[in-house]
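This is upload.tsv. It holds TSV, C-alpha atoms and all ligand atoms.
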chain	number	residue	atom	x	y	z
A	1	MET	CA	-4.04	2.33	9.12
A	2	MET	CA	-5.56	-1.07	9.64
A	3	ILE	CA	-4.38	-4.14	7.73
A	4	LYS	CA	-7.21	-6.63	7.30
A	5	VAL	CA	-7.32	-10.12	5.84
A	6	VAL	CA	-9.88	-10.38	3.04
A	7	SER	CA	-9.28	-14.02	2.16
A	8	SER	CA	-7.03	-16.75	3.50
A	9	ALA	CA	-6.59	-20.31	2.29
A	10	ALA	CA	-4.04	-22.97	3.11
A	11	LEU	CA	-1.39	-23.82	0.53
A	12	PRO	CA	0.22	-27.28	0.53
A	13	VAL	CA	3.53	-26.59	2.23
A	14	THR	CA	2.44	-24.73	5.39
A	15	GLU	CA	1.92	-21.46	3.56
A	16	ASN	CA	-1.17	-19.33	3.10
A	17	LEU	CA	-2.73	-17.62	0.13
A	18	MET	CA	-3.72	-14.36	1.74
A	19	ILE	CA	-5.45	-11.33	0.24
A	20	GLN	CA	-4.99	-8.25	2.40
A	21	LYS	CA	-6.31	-4.73	2.37
A	22	ASN	CA	-5.29	-1.52	4.05
A	23	ARG	CA	-8.33	0.19	5.54
A	24	ILE	CA	-7.93	3.93	6.06
A	25	GLU	CA	-10.70	5.48	8.10
A	26	GLY	CA	-11.14	9.21	7.85
A	27	ALA	CA	-10.85	11.29	11.01
A	28	ALA	CA	-13.10	14.05	9.63
A	29	GLU	CA	-16.86	13.96	10.23
A	30	PRO	CA	-18.11	10.58	8.94
A	31	CYS	CA	-20.06	10.52	5.66
A	32	GLY	CA	-20.85	6.79	5.51
A	33	LYS	CA	-19.13	6.36	2.16
A	34	ARG	CA	-16.57	3.74	1.18
A	35	VAL	CA	-14.29	3.67	-1.84
A	36	CYS	CA	-12.16	0.63	-2.79
A	37	ILE	CA	-8.96	0.79	-4.81
A	38	VAL	CA	-8.07	-2.65	-6.17
A	39	THR	CA	-5.27	-3.90	-8.41
A	40	GLY	CA	-3.01	-6.87	-9.08
A	41	THR	CA	-5.60	-9.26	-10.55
A	42	HIS	CA	-3.09	-9.77	-13.34
A	43	GLY	CA	0.25	-10.58	-11.72
A	44	ASP	CA	2.32	-8.98	-14.51
A	45	GLU	CA	0.58	-5.59	-14.29
A	46	LEU	CA	2.38	-3.45	-11.75
A	47	GLU	CA	1.43	0.21	-12.34
A	48	GLY	CA	-1.28	-0.10	-9.67
A	49	GLN	CA	1.30	-1.13	-7.04
A	50	TYR	CA	2.82	2.34	-7.05
A	51	VAL	CA	-0.59	4.04	-7.08
A	52	CYS	CA	-1.58	2.02	-3.97
A	53	ALA	CA	1.69	2.80	-2.21
A	54	ARG	CA	1.38	6.54	-2.88
A	55	LEU	CA	-2.32	6.65	-1.99
A	56	ALA	CA	-1.90	4.72	1.28
A	57	LYS	CA	0.77	7.14	2.49
A	58	LEU	CA	-1.09	10.23	1.33
A	59	LEU	CA	-4.36	9.25	3.00
A	60	ALA	CA	-2.71	8.02	6.20
A	61	ASP	CA	-0.95	11.38	6.52
A	62	GLY	CA	-4.14	13.26	5.68
A	63	ARG	CA	-6.73	11.41	7.78
A	64	GLN	CA	-7.94	14.70	9.28
A	65	SER	CA	-9.14	15.71	5.80
A	66	LEU	CA	-10.70	12.34	4.97
A	67	SER	CA	-14.24	11.36	5.77
A	68	GLY	CA	-15.54	7.84	5.23
A	69	VAL	CA	-13.41	4.79	4.46
A	70	VAL	CA	-10.90	3.99	1.72
A	71	ASP	CA	-9.94	0.33	1.36
A	72	ILE	CA	-6.77	-0.37	-0.64
A	73	TYR	CA	-6.23	-3.88	-2.07
A	74	PRO	CA	-2.83	-3.92	-3.82
A	75	ALA	CA	-2.71	-7.61	-4.65
A	76	LEU	CA	-5.84	-9.53	-5.62
A	77	ASN	CA	-3.57	-12.19	-7.13
A	78	PRO	CA	-0.52	-12.18	-4.83
A	79	LEU	CA	0.82	-15.54	-6.09
A	80	GLY	CA	0.85	-14.10	-9.62
A	81	ILE	CA	2.65	-10.94	-8.53
A	82	ASP	CA	5.24	-12.86	-6.51
A	83	SER	CA	6.03	-15.19	-9.40
A	84	ILE	CA	5.67	-12.65	-12.28
A	85	ILE	CA	2.80	-14.65	-13.75
A	86	ARG	CA	-0.22	-12.93	-15.27
A	87	GLY	CA	-2.79	-15.51	-14.23
A	88	PHE	CA	-3.43	-17.52	-11.12
A	89	PRO	CA	-0.34	-19.77	-10.93
A	90	MET	CA	-0.81	-23.55	-10.78
A	91	PHE	CA	-4.20	-23.31	-12.44
A	92	ASN	CA	-3.09	-21.48	-15.60
A	93	LEU	CA	-6.13	-19.31	-15.15
A	94	ASP	CA	-6.94	-15.64	-15.83
A	95	MET	CA	-8.29	-14.53	-12.48
A	96	ASN	CA	-10.42	-11.87	-14.17
A	97	ARG	CA	-12.50	-14.63	-15.80
A	98	ILE	CA	-13.80	-16.32	-12.65
A	99	PHE	CA	-15.78	-13.59	-10.87
A	100	PRO	CA	-18.08	-13.53	-8.92
A	101	GLY	CA	-16.52	-16.84	-7.83
A	102	SER	CA	-18.11	-19.36	-5.51
A	103	ALA	CA	-17.76	-20.06	-1.78
A	104	SER	CA	-17.52	-23.81	-2.36
A	105	GLY	CA	-15.47	-23.66	-5.55
A	106	SER	CA	-11.77	-24.22	-6.25
A	107	LEU	CA	-9.08	-22.18	-4.51
A	108	ALA	CA	-9.27	-19.50	-7.19
A	109	GLU	CA	-13.07	-19.38	-7.17
A	110	SER	CA	-13.41	-19.14	-3.40
A	111	THR	CA	-10.75	-16.42	-3.33
A	112	ALA	CA	-12.70	-14.49	-5.98
A	113	TYR	CA	-15.86	-14.95	-3.94
A	114	ASP	CA	-14.20	-13.57	-0.77
A	115	ILE	CA	-12.98	-10.53	-2.71
A	116	VAL	CA	-16.46	-9.70	-4.10
A	117	LYS	CA	-18.09	-10.18	-0.69
A	118	ASP	CA	-15.54	-7.89	0.92
A	119	ILE	CA	-16.04	-5.08	-1.61
A	120	GLU	CA	-19.84	-5.44	-1.73
A	121	GLY	CA	-21.59	-2.45	-0.20
A	122	ALA	CA	-18.89	0.04	-1.22
A	123	ASP	CA	-19.98	3.11	-3.19
A	124	ILE	CA	-17.20	3.12	-5.76
A	125	CYS	CA	-14.40	0.73	-6.75
A	126	ILE	CA	-11.47	1.62	-8.98
A	127	ASP	CA	-9.85	-1.46	-10.57
A	128	ILE	CA	-6.39	-0.55	-11.88
A	129	HIS	CA	-4.89	-2.57	-14.74
A	130	SER	CA	-1.77	-1.95	-16.79
A	131	SER	CA	-2.35	-3.53	-20.17
A	132	ASN	CA	0.08	-6.41	-20.68
A	133	ILE	CA	3.76	-6.70	-21.59
A	134	PHE	CA	3.00	-6.14	-25.30
A	135	LEU	CA	1.09	-2.86	-25.47
A	136	ARG	CA	1.52	0.55	-23.83
A	137	GLU	CA	-1.70	2.43	-23.03
A	138	ILE	CA	-2.30	6.09	-22.16
A	139	PRO	CA	-4.20	6.48	-18.87
A	140	GLN	CA	-7.80	5.59	-19.67
A	141	VAL	CA	-11.03	4.37	-18.14
A	142	ARG	CA	-12.89	1.60	-19.98
A	143	VAL	CA	-16.64	1.51	-19.60
A	144	ASN	CA	-19.17	-0.73	-21.28
A	145	GLU	CA	-22.13	0.83	-23.04
A	146	GLN	CA	-24.60	-0.66	-20.56
A	147	SER	CA	-23.09	1.13	-17.58
A	148	GLU	CA	-22.13	4.34	-19.38
A	149	GLU	CA	-24.82	6.43	-17.74
A	150	ALA	CA	-23.89	5.33	-14.21
A	151	LEU	CA	-20.12	5.42	-14.64
A	152	LEU	CA	-19.21	8.20	-17.07
A	153	PRO	CA	-19.59	11.06	-14.53
A	154	TYR	CA	-17.04	9.34	-12.25
A	155	ALA	CA	-14.73	8.39	-15.11
A	156	LEU	CA	-14.49	12.09	-16.00
A	157	MET	CA	-13.20	12.87	-12.48
A	158	LEU	CA	-10.21	10.52	-12.68
A	159	ASN	CA	-7.75	12.79	-14.56
A	160	VAL	CA	-7.26	10.26	-17.36
A	161	ASP	CA	-6.58	11.10	-21.01
A	162	LEU	CA	-9.32	8.93	-22.48
A	163	VAL	CA	-12.62	7.26	-21.64
A	164	TRP	CA	-13.19	4.33	-23.96
A	165	ILE	CA	-16.81	3.20	-24.09
A	166	HIS	CA	-17.02	-0.39	-25.37
A	167	ALA	CA	-19.86	-1.96	-27.27
A	168	ALA	CA	-22.11	-4.16	-25.10
A	169	ALA	CA	-21.31	-7.16	-27.33
A	170	THR	CA	-17.74	-7.27	-26.01
A	171	VAL	CA	-18.73	-7.24	-22.32
A	172	LEU	CA	-17.19	-10.03	-20.30
A	173	GLU	CA	-19.50	-11.19	-17.55
A	174	SER	CA	-16.79	-12.95	-15.57
A	175	THR	CA	-14.71	-9.88	-14.70
A	176	LEU	CA	-14.50	-8.33	-11.26
A	177	ALA	CA	-15.87	-5.06	-12.65
A	178	TYR	CA	-18.94	-6.79	-14.09
A	179	ALA	CA	-19.64	-8.69	-10.86
A	180	LEU	CA	-19.31	-5.54	-8.76
A	181	ASN	CA	-21.38	-3.31	-11.05
A	182	ALA	CA	-24.06	-6.03	-11.01
A	183	CYS	CA	-24.27	-5.81	-7.22
A	184	GLY	CA	-24.42	-2.03	-7.14
A	185	VAL	CA	-20.76	-1.03	-6.63
A	186	LYS	CA	-19.92	1.54	-9.29
A	187	THR	CA	-16.70	0.02	-10.63
A	188	LEU	CA	-14.34	1.83	-12.97
A	189	VAL	CA	-11.66	-0.09	-14.85
A	190	VAL	CA	-8.49	1.91	-15.43
A	191	GLU	CA	-5.94	0.74	-18.00
A	192	MET	CA	-2.60	2.54	-18.20
A	193	GLY	CA	1.06	2.01	-18.96
A	194	VAL	CA	2.56	-1.35	-19.78
A	195	GLY	CA	3.02	-4.70	-18.06
A	196	MET	CA	6.00	-5.41	-15.78
A	197	ARG	CA	6.86	-1.71	-15.48
A	198	ILE	CA	5.93	1.31	-13.40
A	199	THR	CA	5.38	4.60	-15.25
A	200	GLU	CA	5.68	7.12	-12.44
A	201	SER	CA	4.08	10.01	-14.34
A	202	TYR	CA	0.96	7.95	-15.13
A	203	CYS	CA	0.69	6.80	-11.52
A	204	GLU	CA	0.89	10.40	-10.27
A	205	GLN	CA	-1.72	11.43	-12.86
A	206	LEU	CA	-4.18	8.76	-11.67
A	207	LEU	CA	-3.41	9.49	-8.02
A	208	ALA	CA	-4.43	13.12	-8.62
A	209	GLY	CA	-7.59	11.80	-10.28
A	210	ILE	CA	-8.46	9.55	-7.33
A	211	MET	CA	-7.99	12.45	-4.90
A	212	ASN	CA	-10.21	14.60	-7.14
A	213	LEU	CA	-12.90	11.90	-7.18
A	214	LEU	CA	-12.75	11.61	-3.38
A	215	ARG	CA	-13.16	15.38	-3.15
A	216	GLU	CA	-16.03	15.46	-5.66
A	217	ILE	CA	-18.01	12.85	-3.73
A	218	GLY	CA	-17.45	14.63	-0.43
A	219	MET	CA	-14.83	12.36	1.14
A	220	TRP	CA	-11.72	14.54	0.85
A	221	ARG	CA	-11.40	18.08	2.10
A	222	GLY	CA	-7.70	18.46	1.42
A	223	ALA	CA	-6.01	19.82	-1.66
A	224	ALA	CA	-6.54	18.20	-5.04
A	225	GLY	CA	-5.14	19.71	-8.21
A	226	LYS	CA	-7.05	20.62	-11.33
A	227	VAL	CA	-7.81	17.59	-13.50
A	228	ARG	CA	-7.79	17.23	-17.27
A	229	SER	CA	-10.84	16.53	-19.44
A	230	PRO	CA	-10.41	13.22	-21.22
A	231	GLU	CA	-11.33	12.45	-24.80
A	232	VAL	CA	-14.46	10.28	-24.81
A	233	SER	CA	-14.69	7.59	-27.48
A	234	LYS	CA	-18.44	8.06	-28.00
A	235	ASP	CA	-19.23	8.67	-31.69
A	236	ARG	CA	-15.58	8.26	-32.63
A	237	SER	CA	-14.07	5.47	-34.67
A	238	VAL	CA	-11.21	3.39	-33.27
A	239	GLY	CA	-8.63	2.39	-35.88
A	240	PHE	CA	-6.68	-0.82	-35.33
A	241	VAL	CA	-3.22	-1.31	-36.83
A	242	ASN	CA	-2.17	-4.96	-37.09
A	243	SER	CA	0.98	-6.33	-38.69
A	244	ASP	CA	0.79	-8.50	-41.78
A	245	ALA	CA	4.39	-9.67	-41.52
A	246	ALA	CA	6.45	-11.28	-38.77
A	247	GLY	CA	9.64	-9.69	-37.48
A	248	ILE	CA	10.88	-6.93	-35.18
A	249	PHE	CA	8.63	-3.90	-34.76
A	250	ILE	CA	10.23	-0.45	-34.61
A	251	PRO	CA	7.70	2.33	-33.88
A	252	ARG	CA	7.95	5.49	-36.02
A	253	VAL	CA	5.49	7.62	-34.04
A	254	ALA	CA	5.37	8.60	-30.39
A	255	HIS	CA	2.79	7.14	-28.04
A	256	ASN	CA	0.02	9.66	-27.21
A	257	SER	CA	0.70	11.67	-30.40
A	258	VAL	CA	-1.73	12.63	-33.16
A	259	VAL	CA	-1.23	11.10	-36.61
A	260	ASN	CA	-2.83	11.51	-40.04
A	261	ALA	CA	-4.39	8.72	-42.08
A	262	GLY	CA	-1.64	6.99	-44.07
A	263	ASP	CA	1.22	7.95	-41.72
A	264	VAL	CA	3.69	5.15	-41.06
A	265	ILE	CA	3.11	3.96	-37.47
A	266	GLY	CA	6.11	1.67	-37.49
A	267	SER	CA	8.24	-0.72	-39.50
A	268	VAL	CA	8.59	-4.47	-39.26
A	269	LEU	CA	12.15	-5.60	-39.96
A	270	ASP	CA	13.59	-9.02	-40.74
A	271	PRO	CA	16.68	-9.36	-38.52
A	272	LEU	CA	18.18	-12.05	-40.77
A	273	THR	CA	18.19	-10.10	-44.03
A	274	GLY	CA	17.90	-6.54	-42.74
A	275	MET	CA	14.95	-5.93	-45.04
A	276	THR	CA	11.96	-3.83	-44.04
A	277	VAL	CA	9.16	-6.32	-44.58
A	278	GLU	CA	6.33	-3.96	-43.73
A	279	ASN	CA	5.58	-0.31	-43.09
A	280	ALA	CA	2.34	-0.33	-41.12
A	281	VAL	CA	0.18	2.74	-41.79
A	282	ALA	CA	-2.58	4.48	-39.86
A	283	PRO	CA	-6.05	3.60	-41.21
A	284	CYS	CA	-7.40	6.92	-39.89
A	285	GLY	CA	-6.11	10.11	-38.34
A	286	GLY	CA	-6.29	10.60	-34.59
A	287	LEU	CA	-4.65	9.95	-31.24
A	288	VAL	CA	-2.30	6.96	-30.88
A	289	PHE	CA	-3.59	5.75	-27.53
A	290	THR	CA	-2.18	2.22	-27.72
A	291	LEU	CA	1.31	1.51	-29.07
A	292	ARG	CA	3.16	-1.78	-29.21
A	293	GLU	CA	5.97	-1.99	-26.67
A	294	TYR	CA	7.12	-5.59	-27.17
A	295	PRO	CA	9.18	-5.75	-30.38
A	296	VAL	CA	8.57	-9.31	-31.58
A	297	VAL	CA	5.52	-9.49	-33.87
A	298	PHE	CA	3.77	-12.14	-35.91
A	299	GLY	CA	1.22	-11.72	-38.67
A	300	GLY	CA	-1.89	-10.27	-37.00
A	301	SER	CA	-0.12	-8.79	-33.96
A	302	LEU	CA	-1.67	-5.55	-32.71
A	303	LEU	CA	0.71	-2.62	-33.28
A	304	ALA	CA	-1.42	0.40	-32.39
A	305	ARG	CA	-4.91	1.72	-31.77
A	306	ILE	CA	-5.96	5.17	-32.91
A	307	MET	CA	-8.87	7.19	-31.55
A	308	GLY	CA	-10.37	8.83	-34.62
A	309	ALA	CA	-12.08	12.22	-34.92
A	310	LEU	CA	-15.75	12.78	-34.10
A	311	GLN	CA	-18.01	11.29	-36.77
A	401	ZN	ZN	-5.30	-6.54	-16.35
Could the structure of this file be written out as structure tokens, please?
Amino acid sequence: MMIKVVSSAALPVTENLMIQKNRIEGAAEPCGKRVCIVTGTHGDELEGQYVCARLAKLLADGRQSLSGVVDIYPALNPLGIDSIIRGFPMFNLDMNRIFPGSASGSLAESTAYDIVKDIEGADICIDIHSSNIFLREIPQVRVNEQSEEALLPYALMLNVDLVWIHAAATVLESTLAYALNACGVKTLVVEMGVGMRITESYCEQLLAGIMNLLREIGMWRGAAGKVRSPEVSKDRSVGFVNSDAAGIFIPRVAHNSVVNAGDVIGSVLDPLTGMTVENAVAPCGGLVFTLREYPVVFGGSLLARIMGALQ
């Protein structure tokens, strides 16, 4: 175990903004490969914290079976994590909108720059997100159409339930994943669980997937369990359920369950009158892979996403 400083910048009152990583070097015959596990870009997404903790311990104990290097970065936005703020505090800024950053830029930009430079040259990076405080997601990898060919084989190794391939039109060029894929680091974005919480079963599921990936690429010779085959969104429709009314949302289906078109996904209640102001229905049958967790809704709030059948 080797703790290294990736980026350090002075803060006003004799403190430092410091990004750290835990470098675990395998003791088995070297293979020249490096995998980075990163998380905590959004300070209110915590599922990745537990994955990092579990992985660091597991690899440190199993160095004899590891070849190559695994770098673990649990907190790319430590100020956000410490203060329970999604963005980069003080600047009111989504840190995942400033990559690849700039060496001579603002504090946030130069931090982003240091992070990209540090990861550059790695073979694979897994960027773990956990939705936000509003929506709960089943473990999934999100890939944009442009990088589908390069990334899908690795996404299938990660023991997730779903691989969601986005249209190229929705690609954000200022994300860490975009910056890294552009410089040749195969970067997989994982979304799972819900903001401000840790879902232990999801973390264990992804951990098993990471160990499987390390084994598949020849870095891990230890045990790794059998992984599941995810649904892949290709040629499937995604149904969005949004509320029309404002009120308190009570789900009527379970997350990660299969529904039929027309099923009631949940009800919106008016707490003042007790009336049900809306029963939101599924626009198509399929798997409820996103379900609203935060009860307060306004007109237009996202309540659920459904992965439809093959078209
Ligand atoms: Zn995120």
Quick one: which chain A residues come within 6 Å of ligand ZN 401 (chain A), and what is the nearest atom pair for each with the distance in Å to one decimal, counting all atoms listed in the file, rows ordered by chain and ascending number, as a tab-separated table?
residue	atom	partner	partner_atom	distance
A:His42	CA	A:ZN401	ZN	4.9
A:His129	CA	A:ZN401	ZN	4.3
A:Ser130	CA	A:ZN401	ZN	5.8
A:Ser131	CA	A:ZN401	ZN	5.7
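Nearest residue to Leu162 of chain A, choosing from A:Ile3, A:Val288, A:Leu269, A:Met196 and counting only C-alpha atoms: A:Val288.
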Answer as a VMD selection string, residues within 8 Å of (-5.5, -23.1, -10.6) using all atoms listed in the file: chain A and resid 88 to 93 106 to 108
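Comparing A:Ile24, A:Ser201, A:Leu213, A:Trp164 by their smallest distance to Lys57 of chain A, the closest is A:Ile24 (using only C-alpha atoms).
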Shell of 12 Å around Arg228 of chain A, all atoms listed in the file, local chain residues under 4 positions omitted, as a PyMOL selection string: chain A and resi 139-140+155-163+205-206+208-209+212
Using only C-alpha atoms, please write the residues we just selected to a file, as a PDB file, in the coordinates of the input.
ATOM      1  CA  PRO A 139      -4.200   6.480 -18.870  1.00  0.00           C
ATOM      2  CA  GLN A 140      -7.800   5.590 -19.670  1.00  0.00           C
ATOM      3  CA  ALA A 155     -14.730   8.390 -15.110  1.00  0.00           C
ATOM      4  CA  LEU A 156     -14.490  12.090 -16.000  1.00  0.00           C
ATOM      5  CA  MET A 157     -13.200  12.870 -12.480  1.00  0.00           C
ATOM      6  CA  LEU A 158     -10.210  10.520 -12.680  1.00  0.00           C
ATOM      7  CA  ASN A 159      -7.750  12.790 -14.560  1.00  0.00           C
ATOM      8  CA  VAL A 160      -7.260  10.260 -17.360  1.00  0.00           C
ATOM      9  CA  ASP A 161      -6.580  11.100 -21.010  1.00  0.00           C
ATOM     10  CA  LEU A 162      -9.320   8.930 -22.480  1.00  0.00           C
ATOM     11  CA  VAL A 163     -12.620   7.260 -21.640  1.00  0.00           C
ATOM     12  CA  GLN A 205      -1.720  11.430 -12.860  1.00  0.00           C
ATOM     13  CA  LEU A 206      -4.180   8.760 -11.670  1.00  0.00           C
ATOM     14  CA  ALA A 208      -4.430  13.120  -8.620  1.00  0.00           C
ATOM     15  CA  GLY A 209      -7.590  11.800 -10.280  1.00  0.00           C
ATOM     16  CA  ASN A 212     -10.210  14.600  -7.140  1.00  0.00           C
TER      17      ASN A 212
END
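Coordinates place atom CA of Ala177 of chain A at a distance of 18.6 Å from atom CA of Ala103 of chain A.
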Pairwise distance for atom CA of Arg86 of chain A and atom CA of Ile165 of chain A, rounded to one decimal in Å: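 Taking atom CA of Arg86 of chain A as the start and atom CA of Ile165 of chain A as the end point, the length is 24.8 Å.
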Test item: residues at most 9 Å from Gln311 of chain A, all atoms listed in the file, excluding those fewer than 5 positions along its chain, as an NGL selection string: :A and (235-237)
Save segment 36-66 of chain A from what I just supplied, as a PDB file, in the first residue's frame, atoms limited to N, CA and C atoms.
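Result went into out_20.pdb, see below:
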ATOM      1  N   CYS A  36      -7.346   2.035 -12.902  1.00  0.00           N
ATOM      2  CA  CYS A  36      -7.689   3.069 -11.915  1.00  0.00           C
ATOM      3  C   CYS A  36      -9.165   2.947 -11.535  1.00  0.00           C
ATOM      4  N   ILE A  37      -9.419   3.025 -10.240  1.00  0.00           N
ATOM      5  CA  ILE A  37     -10.794   3.051  -9.738  1.00  0.00           C
ATOM      6  C   ILE A  37     -10.990   4.444  -9.149  1.00  0.00           C
ATOM      7  N   VAL A  38     -11.897   5.219  -9.700  1.00  0.00           N
ATOM      8  CA  VAL A  38     -12.086   6.590  -9.226  1.00  0.00           C
ATOM      9  C   VAL A  38     -13.542   6.809  -8.818  1.00  0.00           C
ATOM     10  N   THR A  39     -13.742   7.684  -7.842  1.00  0.00           N
ATOM     11  CA  THR A  39     -15.104   8.010  -7.422  1.00  0.00           C
ATOM     12  C   THR A  39     -15.082   9.330  -6.646  1.00  0.00           C
ATOM     13  N   GLY A  40     -16.269   9.793  -6.258  1.00  0.00           N
ATOM     14  CA  GLY A  40     -16.337  10.986  -5.419  1.00  0.00           C
ATOM     15  C   GLY A  40     -16.176  12.291  -6.181  1.00  0.00           C
ATOM     16  N   THR A  41     -16.471  12.295  -7.475  1.00  0.00           N
ATOM     17  CA  THR A  41     -16.489  13.561  -8.226  1.00  0.00           C
ATOM     18  C   THR A  41     -17.681  14.388  -7.751  1.00  0.00           C
ATOM     19  N   HIS A  42     -18.776  13.672  -7.491  1.00  0.00           N
ATOM     20  CA  HIS A  42     -19.970  14.310  -6.942  1.00  0.00           C
ATOM     21  C   HIS A  42     -19.998  14.004  -5.441  1.00  0.00           C
ATOM     22  N   GLY A  43     -19.891  15.057  -4.630  1.00  0.00           N
ATOM     23  CA  GLY A  43     -19.695  14.878  -3.197  1.00  0.00           C
ATOM     24  C   GLY A  43     -20.854  14.218  -2.469  1.00  0.00           C
ATOM     25  N   ASP A  44     -22.031  14.157  -3.096  1.00  0.00           N
ATOM     26  CA  ASP A  44     -23.188  13.532  -2.433  1.00  0.00           C
ATOM     27  C   ASP A  44     -23.417  12.096  -2.905  1.00  0.00           C
ATOM     28  N   GLU A  45     -22.476  11.548  -3.664  1.00  0.00           N
ATOM     29  CA  GLU A  45     -22.608  10.170  -4.154  1.00  0.00           C
ATOM     30  C   GLU A  45     -21.586   9.311  -3.428  1.00  0.00           C
ATOM     31  N   LEU A  46     -22.064   8.406  -2.598  1.00  0.00           N
ATOM     32  CA  LEU A  46     -21.157   7.744  -1.648  1.00  0.00           C
ATOM     33  C   LEU A  46     -20.980   6.247  -1.868  1.00  0.00           C
ATOM     34  N   GLU A  47     -21.745   5.647  -2.771  1.00  0.00           N
ATOM     35  CA  GLU A  47     -21.650   4.186  -2.957  1.00  0.00           C
ATOM     36  C   GLU A  47     -20.200   3.777  -3.249  1.00  0.00           C
ATOM     37  N   GLY A  48     -19.502   4.603  -4.038  1.00  0.00           N
ATOM     38  CA  GLY A  48     -18.125   4.278  -4.433  1.00  0.00           C
ATOM     39  C   GLY A  48     -17.158   4.252  -3.257  1.00  0.00           C
ATOM     40  N   GLN A  49     -17.490   4.972  -2.161  1.00  0.00           N
ATOM     41  CA  GLN A  49     -16.603   4.978  -0.996  1.00  0.00           C
ATOM     42  C   GLN A  49     -16.430   3.572  -0.442  1.00  0.00           C
ATOM     43  N   TYR A  50     -17.552   2.851  -0.358  1.00  0.00           N
ATOM     44  CA  TYR A  50     -17.496   1.503   0.209  1.00  0.00           C
ATOM     45  C   TYR A  50     -16.809   0.536  -0.756  1.00  0.00           C
ATOM     46  N   VAL A  51     -17.033   0.733  -2.062  1.00  0.00           N
ATOM     47  CA  VAL A  51     -16.360  -0.114  -3.054  1.00  0.00           C
ATOM     48  C   VAL A  51     -14.846   0.063  -2.927  1.00  0.00           C
ATOM     49  N   CYS A  52     -14.392   1.327  -2.814  1.00  0.00           N
ATOM     50  CA  CYS A  52     -12.952   1.596  -2.674  1.00  0.00           C
ATOM     51  C   CYS A  52     -12.400   0.962  -1.405  1.00  0.00           C
ATOM     52  N   ALA A  53     -13.125   1.119  -0.304  1.00  0.00           N
ATOM     53  CA  ALA A  53     -12.654   0.572   0.971  1.00  0.00           C
ATOM     54  C   ALA A  53     -12.500  -0.947   0.875  1.00  0.00           C
ATOM     55  N   ARG A  54     -13.500  -1.598   0.329  1.00  0.00           N
ATOM     56  CA  ARG A  54     -13.478  -3.069   0.216  1.00  0.00           C
ATOM     57  C   ARG A  54     -12.361  -3.515  -0.724  1.00  0.00           C
ATOM     58  N   LEU A  55     -12.236  -2.810  -1.849  1.00  0.00           N
ATOM     59  CA  LEU A  55     -11.248  -3.197  -2.864  1.00  0.00           C
ATOM     60  C   LEU A  55      -9.823  -3.016  -2.339  1.00  0.00           C
ATOM     61  N   ALA A  56      -9.579  -1.902  -1.647  1.00  0.00           N
ATOM     62  CA  ALA A  56      -8.234  -1.623  -1.132  1.00  0.00           C
ATOM     63  C   ALA A  56      -7.778  -2.729  -0.179  1.00  0.00           C
ATOM     64  N   LYS A  57      -8.674  -3.158   0.681  1.00  0.00           N
ATOM     65  CA  LYS A  57      -8.353  -4.204   1.657  1.00  0.00           C
ATOM     66  C   LYS A  57      -8.126  -5.539   0.943  1.00  0.00           C
ATOM     67  N   LEU A  58      -9.044  -5.841   0.022  1.00  0.00           N
ATOM     68  CA  LEU A  58      -8.975  -7.121  -0.676  1.00  0.00           C
ATOM     69  C   LEU A  58      -7.680  -7.260  -1.491  1.00  0.00           C
ATOM     70  N   LEU A  59      -7.308  -6.186  -2.178  1.00  0.00           N
ATOM     71  CA  LEU A  59      -6.099  -6.249  -3.010  1.00  0.00           C
ATOM     72  C   LEU A  59      -4.835  -6.232  -2.149  1.00  0.00           C
ATOM     73  N   ALA A  60      -4.866  -5.431  -1.070  1.00  0.00           N
ATOM     74  CA  ALA A  60      -3.685  -5.382  -0.196  1.00  0.00           C
ATOM     75  C   ALA A  60      -3.429  -6.765   0.414  1.00  0.00           C
ATOM     76  N   ASP A  61      -4.503  -7.459   0.778  1.00  0.00           N
ATOM     77  CA  ASP A  61      -4.353  -8.799   1.355  1.00  0.00           C
ATOM     78  C   ASP A  61      -3.980  -9.834   0.292  1.00  0.00           C
ATOM     79  N   GLY A  62      -4.272  -9.516  -0.970  1.00  0.00           N
ATOM     80  CA  GLY A  62      -4.069 -10.514  -2.025  1.00  0.00           C
ATOM     81  C   GLY A  62      -2.984 -10.134  -3.030  1.00  0.00           C
ATOM     82  N   ARG A  63      -2.025  -9.334  -2.586  1.00  0.00           N
ATOM     83  CA  ARG A  63      -0.982  -8.838  -3.508  1.00  0.00           C
ATOM     84  C   ARG A  63      -0.249  -9.957  -4.243  1.00  0.00           C
ATOM     85  N   GLN A  64      -0.132 -11.112  -3.603  1.00  0.00           N
ATOM     86  CA  GLN A  64       0.572 -12.237  -4.243  1.00  0.00           C
ATOM     87  C   GLN A  64      -0.158 -12.689  -5.506  1.00  0.00           C
ATOM     88  N   SER A  65      -1.457 -12.432  -5.574  1.00  0.00           N
ATOM     89  CA  SER A  65      -2.253 -12.868  -6.734  1.00  0.00           C
ATOM     90  C   SER A  65      -2.456 -11.741  -7.743  1.00  0.00           C
ATOM     91  N   LEU A  66      -1.920 -10.563  -7.418  1.00  0.00           N
ATOM     92  CA  LEU A  66      -2.128  -9.399  -8.292  1.00  0.00           C
ATOM     93  C   LEU A  66      -0.880  -9.129  -9.112  1.00  0.00           C
TER      94      LEU A  66
END
